[in-house]
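Accompanying notes for the structure given below.
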Amino acid sequence: MKEIRIHGRGGQGSVTAAELLAVAAFADGRFSQAFPAFGVERRGAPVQAFTRIGDEPIRLRSQVYEPDYVIVQDATLLEVVDVAGGIKDEGIILINTEFSPDKLELDTKAKIMTVDATKVALDIIGRPIVNTVLLGAFAGATGEVRPESIENAVKKRFPGKVGEKNAEAIQKAYEIIMEAKP
Amino acid sequence: MTSTRKLAKEKMMVVEGSYAVAHAVKVCRPNVISAYPITPQTHIVEDLSQFMADGEIPNCEYINVESEFSALSALVGASAAGARTYSATTSQGLELMHEVLFNVSGMRLPIVMTVANRAVSAPINIWNDQQDSISQRDTGWIQMHAEDPQEAADMVAQSFRIAEDRDVLLPVMPCMDAFVLSHVYEPMVLLEQDLVDEYLPPFEPEFVLDPKNPRTFGAFADPSTYTEFRYLQAKAMDKALEKVEEAANEFNEVFGRYYGGLIDEYEEEDAEIVIVAMGSIIGTVKDVIDKLRSKGEKVGLLKVRSFRPFPIEAVRKALKDARVIVVLDKNISMGLNEGALCTEIKACLYNTDIDAPVIGFMIGHGGRDVPPSTINHIIDQARDVMSSGITVESQFTDVREELI
């Protein structure tokens with residue numbers, strides 16, 4: 001079983017991202033579970049959401065403490081939240097930022113990967129909405145889910161042009177990460 | 001028989017627990033729904049409102065009201081008139097209904113009302129524990145607890161079956177842990193209309209409010225008859241014991257999913273340490289048990305599915321060979337300072353040959369997360385009790401000493 005923690009700010013769609021990831025993983029033939037960190041949601045406040053992906057039905061219902069993967073939607077969170085907290089040494093932290101991983105100071109043995117999801121979102125969708133874009137990058141960074149499954153989940157959730165644009169941005173973020181991989 | 005479910009992946013889709021419950025209500029063909037929104041039950045009634053607006057629930061009226069008290073009161077009239085009725089609530093909303101809860105059960109109205117279990121104020125807390133429904137223990141409602149969102153949805157159909165059975169005619173409160181089950185997205189089967197129609201016959205009450213054939217419900221009983229009303233209600237609870245089992249077994253035959261009837265057992269047969277619990281903690285406990293079993297440790301689980309009626313005989317049978325019994329409670333009876341389930345377990349073992357020590361742990365108050373490490377820590381203490389006896393009978397878990 002793989003555990004994913006998504007950090008964002010209220011209004012950035014962290015819970016939706018966790019849900020879409022669960023939908024995509026299930027479409028890939030795996031089992032999944034997604035839930036928010038049940039805060040009192042306020043726009044702009046730091047929030048978390050979680051996804052579990054496994055080959056068996058998932059029974060564990062506690063929060064995620066030792067994630068395999070972390071997704072950070074907003075790099076300003078690095079100053080206020082311990083995004084690397086508990087992550088496994090062999091884990092991956094995927095951060096939305098224009099900077100390269102070596103410019104970020106994070107005390108972790110986990111691998112750090114970055115993607116300028118905001119730029120991708122602005123270029124393709126026209127709005128700085130990065131939650132779905134980051135899922136494309138996640139698919140590339142981890143191989144846990146197929147990018148097509150993410151795109152299908154997003155298109156189903158947001159039918160029409162919005163979904164199409166998101167799918168395009170997801171594919172772009174996937175390609176950027178795949179090119180950056182050694 | 002322990003829980004089994006056919007994994008029909010082709011029928012499953014990833015949905016929110018609340019949506020699965022709302023969908024289950026829809027296919028049970030309710031005639032009247034009345035509810036007042038309160039976090040975290042809100043998604044259930046929002047989804048039902050959407051179904052109504054989209055014309056997906058035929059022959060049904062959704063009554064908007066100004067409070068939970070009115071929501072349940074509206075259903076009293078509707079149910080007495082012969083309608084299949086549904087509501088959902090939680091926490092302070094459920095506590096506001098307290099008076100009406102007694103009226104419903106006393107009038108023997110088979111209302112089904114999901115409770116998304118949440119802590120009670122003060123201090124204000126919107127997160128999960130089970131203090132709300134446990135505090136309604138003696139209102140004469142059948143109270144059942146689901147371990148996952150699929151069970152919470154399936155329990156809606158089972159609840160109508162049990163409630164409307166003419167040998168029972170009691171209201172049912174299917175409970176699901178707030179957020180942990182109501183707000184989780186996972187692959188589930190949405191109840192199929194044709195199978196529900198096969199499983200759940202139309203509600204055909206023996207007596208209804210009808211101006212052409214006037215009757216009175218719950219009017220007046222003086223000392224010469226009140227005792228008998230209470231006696232008959234208690235008898236109906238007794239009868240519900242077998243009906244809960246029957247509803248679970250027949251659900252399994254039609255849908256291929258079984259979560260236990262009154263209780264469920266997991267790795268329990270030869271277990272020395274038996275954990276007794278209700279609700280969403282069950283899944284986490286099962287994961288912990290699997291790890292301990294792989295190391296050869298004899299730990300098992302007794303899931304109490306029906307809190308009312310309380311399955312005394314089934315519990316006694318399940319616990320007869322336990323060496324230490326550990327009860328987990330997401331509630332506290334203040335002044336006795338232990339959880340209600342712990343008290344019930346101890347009570348039903350008295351006057352039997354079972355003399356295993358019973359220790360209680362109060363967990364997860366107001367949404368305090370219960371990770372596997374907490375369960376492991378509790379089991380460590382159960383091992384100590386097995387070797388050296390009880391030192392503390394009931395205790396809080398994970399208390400932050402620095403705040404006290």
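Chains: A, B, ... in order of the structure tokens. Residues: from 1 per chain. Ligands: from 1, in order shown.
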Taking only C-alpha atoms into account and nothing else, which residues of chain B lie no more than 7 Å away from chain A? Please answer as a PDB file with all heavy atoms, in the first residue's frame.
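In the end it all went to out-v4.pdb:
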```
ATOM      1  N   VAL B  14     -15.702   4.949  -7.397  1.00  0.00           N
ATOM      2  CA  VAL B  14     -15.200   5.730  -6.271  1.00  0.00           C
ATOM      3  C   VAL B  14     -16.193   6.853  -5.985  1.00  0.00           C
ATOM      4  O   VAL B  14     -16.386   7.746  -6.814  1.00  0.00           O
ATOM      5  CB  VAL B  14     -13.796   6.297  -6.563  1.00  0.00           C
ATOM      6  CG1 VAL B  14     -13.332   7.196  -5.419  1.00  0.00           C
ATOM      7  CG2 VAL B  14     -12.802   5.156  -6.785  1.00  0.00           C
ATOM      8  N   PHE B 179     -16.999  12.073   9.152  1.00  0.00           N
ATOM      9  CA  PHE B 179     -15.801  12.331   8.350  1.00  0.00           C
ATOM     10  C   PHE B 179     -15.087  11.038   7.970  1.00  0.00           C
ATOM     11  O   PHE B 179     -14.877  10.771   6.797  1.00  0.00           O
ATOM     12  CB  PHE B 179     -14.825  13.290   9.057  1.00  0.00           C
ATOM     13  CG  PHE B 179     -15.370  14.686   9.177  1.00  0.00           C
ATOM     14  CD1 PHE B 179     -15.749  15.200  10.409  1.00  0.00           C
ATOM     15  CD2 PHE B 179     -15.524  15.482   8.058  1.00  0.00           C
ATOM     16  CE1 PHE B 179     -16.275  16.477  10.512  1.00  0.00           C
ATOM     17  CE2 PHE B 179     -16.038  16.767   8.155  1.00  0.00           C
ATOM     18  CZ  PHE B 179     -16.409  17.257   9.385  1.00  0.00           C
ATOM     19  N   VAL B 180     -14.725  10.239   8.971  1.00  0.00           N
ATOM     20  CA  VAL B 180     -13.940   9.029   8.690  1.00  0.00           C
ATOM     21  C   VAL B 180     -14.686   8.159   7.671  1.00  0.00           C
ATOM     22  O   VAL B 180     -14.084   7.585   6.766  1.00  0.00           O
ATOM     23  CB  VAL B 180     -13.691   8.224   9.983  1.00  0.00           C
ATOM     24  CG1 VAL B 180     -12.783   7.032   9.692  1.00  0.00           C
ATOM     25  CG2 VAL B 180     -13.105   9.103  11.062  1.00  0.00           C
ATOM     26  N   HIS B 183     -17.057  11.270   4.835  1.00  0.00           N
ATOM     27  CA  HIS B 183     -16.320  12.101   3.875  1.00  0.00           C
ATOM     28  C   HIS B 183     -15.217  11.349   3.140  1.00  0.00           C
ATOM     29  O   HIS B 183     -14.406  11.957   2.462  1.00  0.00           O
ATOM     30  CB  HIS B 183     -15.730  13.329   4.576  1.00  0.00           C
ATOM     31  CG  HIS B 183     -16.749  14.392   4.877  1.00  0.00           C
ATOM     32  ND1 HIS B 183     -17.920  14.127   5.558  1.00  0.00           N
ATOM     33  CD2 HIS B 183     -16.780  15.717   4.598  1.00  0.00           C
ATOM     34  CE1 HIS B 183     -18.616  15.248   5.679  1.00  0.00           C
ATOM     35  NE2 HIS B 183     -17.951  16.230   5.103  1.00  0.00           N
ATOM     36  N   VAL B 184     -15.148  10.032   3.287  1.00  0.00           N
ATOM     37  CA  VAL B 184     -14.106   9.279   2.605  1.00  0.00           C
ATOM     38  C   VAL B 184     -14.604   8.903   1.205  1.00  0.00           C
ATOM     39  O   VAL B 184     -15.793   8.635   0.999  1.00  0.00           O
ATOM     40  CB  VAL B 184     -13.706   8.016   3.399  1.00  0.00           C
ATOM     41  CG1 VAL B 184     -14.819   6.983   3.412  1.00  0.00           C
ATOM     42  CG2 VAL B 184     -12.429   7.400   2.842  1.00  0.00           C
ATOM     43  N   TYR B 185     -13.671   8.960   0.248  1.00  0.00           N
ATOM     44  CA  TYR B 185     -13.961   8.469  -1.101  1.00  0.00           C
ATOM     45  C   TYR B 185     -13.291   7.115  -1.247  1.00  0.00           C
ATOM     46  O   TYR B 185     -12.093   6.986  -0.961  1.00  0.00           O
ATOM     47  CB  TYR B 185     -13.384   9.420  -2.159  1.00  0.00           C
ATOM     48  CG  TYR B 185     -14.216  10.658  -2.389  1.00  0.00           C
ATOM     49  CD1 TYR B 185     -14.121  11.748  -1.539  1.00  0.00           C
ATOM     50  CD2 TYR B 185     -15.103  10.726  -3.470  1.00  0.00           C
ATOM     51  CE1 TYR B 185     -14.885  12.886  -1.754  1.00  0.00           C
ATOM     52  CE2 TYR B 185     -15.867  11.866  -3.688  1.00  0.00           C
ATOM     53  CZ  TYR B 185     -15.746  12.939  -2.823  1.00  0.00           C
ATOM     54  OH  TYR B 185     -16.497  14.062  -3.032  1.00  0.00           O
ATOM     55  N   GLU B 186     -14.022   6.112  -1.654  1.00  0.00           N
ATOM     56  CA  GLU B 186     -13.407   4.825  -1.958  1.00  0.00           C
ATOM     57  C   GLU B 186     -14.308   4.031  -2.886  1.00  0.00           C
ATOM     58  O   GLU B 186     -15.475   4.385  -3.069  1.00  0.00           O
ATOM     59  CB  GLU B 186     -13.045   4.059  -0.681  1.00  0.00           C
ATOM     60  CG  GLU B 186     -14.206   3.680   0.206  1.00  0.00           C
ATOM     61  CD  GLU B 186     -13.729   2.999   1.500  1.00  0.00           C
ATOM     62  OE1 GLU B 186     -12.901   3.582   2.224  1.00  0.00           O
ATOM     63  OE2 GLU B 186     -14.192   1.887   1.780  1.00  0.00           O
ATOM     64  N   PRO B 187     -13.785   2.957  -3.474  1.00  0.00           N
ATOM     65  CA  PRO B 187     -14.616   2.188  -4.407  1.00  0.00           C
ATOM     66  C   PRO B 187     -15.756   1.498  -3.667  1.00  0.00           C
ATOM     67  O   PRO B 187     -15.530   0.822  -2.671  1.00  0.00           O
ATOM     68  CB  PRO B 187     -13.647   1.153  -4.996  1.00  0.00           C
ATOM     69  CG  PRO B 187     -12.280   1.614  -4.633  1.00  0.00           C
ATOM     70  CD  PRO B 187     -12.417   2.426  -3.391  1.00  0.00           C
ATOM     71  N   GLY B 283     -11.638  -1.366  10.994  1.00  0.00           N
ATOM     72  CA  GLY B 283     -10.698  -1.636   9.906  1.00  0.00           C
ATOM     73  C   GLY B 283      -9.255  -1.503  10.358  1.00  0.00           C
ATOM     74  O   GLY B 283      -8.407  -2.352  10.055  1.00  0.00           O
ATOM     75  N   THR B 284      -8.971  -0.443  11.117  1.00  0.00           N
ATOM     76  CA  THR B 284      -7.614  -0.232  11.623  1.00  0.00           C
ATOM     77  C   THR B 284      -7.221  -1.375  12.563  1.00  0.00           C
ATOM     78  O   THR B 284      -6.101  -1.884  12.505  1.00  0.00           O
ATOM     79  CB  THR B 284      -7.547   1.128  12.356  1.00  0.00           C
ATOM     80  OG1 THR B 284      -7.940   2.151  11.431  1.00  0.00           O
ATOM     81  CG2 THR B 284      -6.154   1.419  12.867  1.00  0.00           C
ATOM     82  N   ASP B 287      -6.225  -4.477  10.641  1.00  0.00           N
ATOM     83  CA  ASP B 287      -4.863  -4.379  10.097  1.00  0.00           C
ATOM     84  C   ASP B 287      -3.817  -4.691  11.172  1.00  0.00           C
ATOM     85  O   ASP B 287      -2.838  -5.393  10.922  1.00  0.00           O
ATOM     86  CB  ASP B 287      -4.608  -2.970   9.534  1.00  0.00           C
ATOM     87  CG  ASP B 287      -4.979  -2.871   8.052  1.00  0.00           C
ATOM     88  OD1 ASP B 287      -5.698  -3.767   7.569  1.00  0.00           O
ATOM     89  OD2 ASP B 287      -4.545  -1.905   7.395  1.00  0.00           O
ATOM     90  N   ASP B 369      -7.269  11.431  16.268  1.00  0.00           N
ATOM     91  CA  ASP B 369      -6.984  10.315  15.356  1.00  0.00           C
ATOM     92  C   ASP B 369      -6.501   9.093  16.149  1.00  0.00           C
ATOM     93  O   ASP B 369      -5.809   9.230  17.157  1.00  0.00           O
ATOM     94  CB  ASP B 369      -5.922  10.744  14.341  1.00  0.00           C
ATOM     95  CG  ASP B 369      -5.844   9.799  13.154  1.00  0.00           C
ATOM     96  OD1 ASP B 369      -6.906   9.297  12.726  1.00  0.00           O
ATOM     97  OD2 ASP B 369      -4.727   9.561  12.659  1.00  0.00           O
ATOM     98  N   VAL B 370      -6.900   7.909  15.697  1.00  0.00           N
ATOM     99  CA  VAL B 370      -6.471   6.671  16.355  1.00  0.00           C
ATOM    100  C   VAL B 370      -5.620   5.864  15.369  1.00  0.00           C
ATOM    101  O   VAL B 370      -6.138   5.080  14.579  1.00  0.00           O
ATOM    102  CB  VAL B 370      -7.678   5.827  16.827  1.00  0.00           C
ATOM    103  CG1 VAL B 370      -7.186   4.648  17.673  1.00  0.00           C
ATOM    104  CG2 VAL B 370      -8.676   6.669  17.605  1.00  0.00           C
ATOM    105  N   PRO B 371      -4.310   6.074  15.408  1.00  0.00           N
ATOM    106  CA  PRO B 371      -3.427   5.349  14.484  1.00  0.00           C
ATOM    107  C   PRO B 371      -3.175   3.928  14.995  1.00  0.00           C
ATOM    108  O   PRO B 371      -3.447   3.625  16.159  1.00  0.00           O
ATOM    109  CB  PRO B 371      -2.134   6.179  14.510  1.00  0.00           C
ATOM    110  CG  PRO B 371      -2.137   6.860  15.832  1.00  0.00           C
ATOM    111  CD  PRO B 371      -3.577   7.047  16.229  1.00  0.00           C
TER     112      PRO B 371
END
```
Do you know which residues are at most 10 Å from Ala153 in chain B counting only C-alpha atoms, after dropping those on the same chain fewer than 6 positions away, and could you put them as a list in words?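 My reading of the contact set: Gly17, Ser18, Tyr19, Ala20, Val21, Ala22, His23, Ala24, Val25, Thr114, Ala146, Pro174, Met176, Met188, Val189, Leu190 and Leu191 of chain B.
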So, counting only C-alpha atoms, which residue among A:Arg127, A:Lys181, A:Lys161, A:His7 is closest to Ala45 in chain A?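 Closest to Ala45 in chain A of all the choices is A:His7.
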Report the distance between CA of Arg118 in chain B and CA of Met278 in chain B in Å, rounded to one decimal place. 14.2 Å
Tell me, as a PyMOL selection string, which residues lie within 8 Å of Gly106 in chain B, counting only C-alpha atoms; anything in the same chain fewer than 5 positions away does not count. chain B and resi 140+218+229-230+233
In Å to one decimal, how far is CA of Met144 in chain B from CA of Pro357 in chain B?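 Between CA of Pro357 in chain B and CA of Met144 in chain B the gap works out to 25.9 Å.
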Helix (DSSP H, G or I) call set, DSSP backbone run, range 75-249 of chain B, as JSON, numbers by chain: {"B": [75, 76, 77, 78, 79, 80, 91, 92, 93, 94, 95, 96, 98, 99, 100, 101, 102, 103, 104, 105, 106, 131, 132, 133, 134, 137, 138, 139, 149, 150, 151, 152, 153, 154, 155, 156, 157, 158, 159, 160, 161, 162, 163, 164, 193, 194, 195, 196, 197, 198, 199, 226, 227, 228, 229, 230, 231, 232, 233, 234, 235, 236, 237, 238, 239, 240, 241, 242, 243, 244, 245, 246, 247, 248, 249]}
Would you pick out the contacts of Cys60 in chain B at 12 Å or less, using only C-alpha atoms, so that residues sharing its chain but fewer than 4 positions from it are not included, and give the list as a list in words? Val25, Lys26, Val27, Cys28, Arg29, Pro30, Asn31, Val32, Ile33, Ser34, Leu48, Ser49, Phe51, Met52, Ala53, Gly55, Glu56, Ala78, Ala83, Arg84, Thr85 and Tyr86 of chain B
CA of Val47 in chain A to CA of Ile6 in chain A, distance in Å rounded to a single decimal: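 CA of Ile6 in chain A lies 8.3 Å from CA of Val47 in chain A.
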Could you name the residues that touch Glu68 in chain B at 8 Å or less, counting only C-alpha atoms, but leaving out those on the same chain fewer than 5 positions away, as a PyMOL selection string? chain B and resi 35-36+89+93-94+96-97
Taking C-alpha atoms for each residue, export the selection above as a CSV table (one decimal), in the first residue's frame.
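What ended up in again35.csv:
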```csv
chain,number,residue,atom,x,y,z
B,35,ALA,CA,-33.9,16.8,7.7
B,36,TYR,CA,-32.0,19.8,8.9
B,89,THR,CA,-28.5,14.0,11.7
B,93,GLY,CA,-29.1,18.0,16.1
B,94,LEU,CA,-29.6,14.5,17.5
B,96,LEU,CA,-32.3,18.4,20.1
B,97,MET,CA,-34.4,15.5,18.9
```
Measuring atom to atom with only C-alpha atoms, identify which of B:Gly364, B:Pro205, B:Pro40, B:Gly260 is nearest to Asn117 in chain B.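 Going through B:Gly364, B:Pro205, B:Pro40, B:Gly260 one by one, the smallest distance to Asn117 in chain B is for B:Pro40.
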Give me, as a PyMOL selection string, the residues of range 48-79 of chain B that a backbone DSSP run labels strand (DSSP E). chain B and resi 61-64
Would you kindly return, as a VMD selection string, each protein, DNA or RNA residue with an atom no farther than 7 Å from any atom of Ala110 in chain A, considering only C-alpha atoms and excluding same-chain residues fewer than 4 positions away? chain A and resid 87 to 93
Residue selection dump (all heavy atoms) as a compact mmCIF listing (two decimals), in the first residue's frame:
```txt
# COMPACT_ATOMS: atom_id res chain seq x y z
N ILE A 87 7.98 11.49 6.16
CA ILE A 87 8.08 10.82 4.85
C ILE A 87 9.17 9.73 4.87
O ILE A 87 10.21 9.89 5.52
CB ILE A 87 8.33 11.83 3.70
CG1 ILE A 87 8.20 11.10 2.35
CG2 ILE A 87 9.69 12.51 3.84
CD1 ILE A 87 7.99 12.00 1.16
N LYS A 88 8.91 8.64 4.19
CA LYS A 88 9.87 7.54 4.13
C LYS A 88 11.13 8.02 3.39
O LYS A 88 11.06 8.84 2.47
CB LYS A 88 9.25 6.35 3.40
CG LYS A 88 8.08 5.74 4.16
CD LYS A 88 7.65 4.41 3.54
CE LYS A 88 6.58 3.75 4.37
NZ LYS A 88 5.23 4.24 4.09
N ASP A 89 12.28 7.46 3.78
CA ASP A 89 13.55 7.88 3.18
C ASP A 89 13.55 7.69 1.66
O ASP A 89 14.14 8.47 0.93
CB ASP A 89 14.71 7.08 3.79
CG ASP A 89 14.99 7.52 5.22
OD1 ASP A 89 14.43 8.57 5.62
OD2 ASP A 89 15.75 6.83 5.92
N GLU A 90 12.88 6.63 1.21
CA GLU A 90 12.86 6.35 -0.22
C GLU A 90 11.66 7.04 -0.90
O GLU A 90 11.38 6.79 -2.08
CB GLU A 90 12.84 4.84 -0.48
CG GLU A 90 11.64 4.09 0.04
CD GLU A 90 11.72 3.75 1.54
OE1 GLU A 90 12.51 4.39 2.27
OE2 GLU A 90 10.96 2.87 1.98
N GLY A 91 11.00 7.93 -0.17
CA GLY A 91 9.81 8.61 -0.69
C GLY A 91 10.15 9.74 -1.65
O GLY A 91 11.31 10.06 -1.89
N ILE A 92 9.09 10.34 -2.19
CA ILE A 92 9.25 11.45 -3.13
C ILE A 92 8.37 12.62 -2.67
O ILE A 92 7.20 12.42 -2.33
CB ILE A 92 8.83 11.04 -4.56
CG1 ILE A 92 9.73 9.92 -5.09
CG2 ILE A 92 8.84 12.25 -5.50
CD1 ILE A 92 9.25 9.33 -6.41
N ILE A 93 8.97 13.82 -2.66
CA ILE A 93 8.20 15.04 -2.37
C ILE A 93 8.11 15.84 -3.67
O ILE A 93 9.14 16.24 -4.23
CB ILE A 93 8.86 15.90 -1.28
CG1 ILE A 93 9.07 15.06 -0.01
CG2 ILE A 93 8.02 17.13 -0.97
CD1 ILE A 93 9.85 15.78 1.09
```
Compare A:Glu79, A:Ala17, A:Asp74, A:Gln48 by their minimum atom-to-atom distance to Leu135 in chain A, counting only C-alpha atoms, and give me the closest one. A:Ala17
Please list as a list of chain:residue names every residue within 8 Å of Ser149 in chain A, counting only C-alpha atoms and excluding residues in the same chain fewer than 2 positions away.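 With the cut-off at 8 Å, the set is A:Ala24, A:Ala25, A:Ala27, A:Asp28, A:Val145, A:Arg146, A:Pro147, A:Glu151, A:Asn152, A:Ala153.
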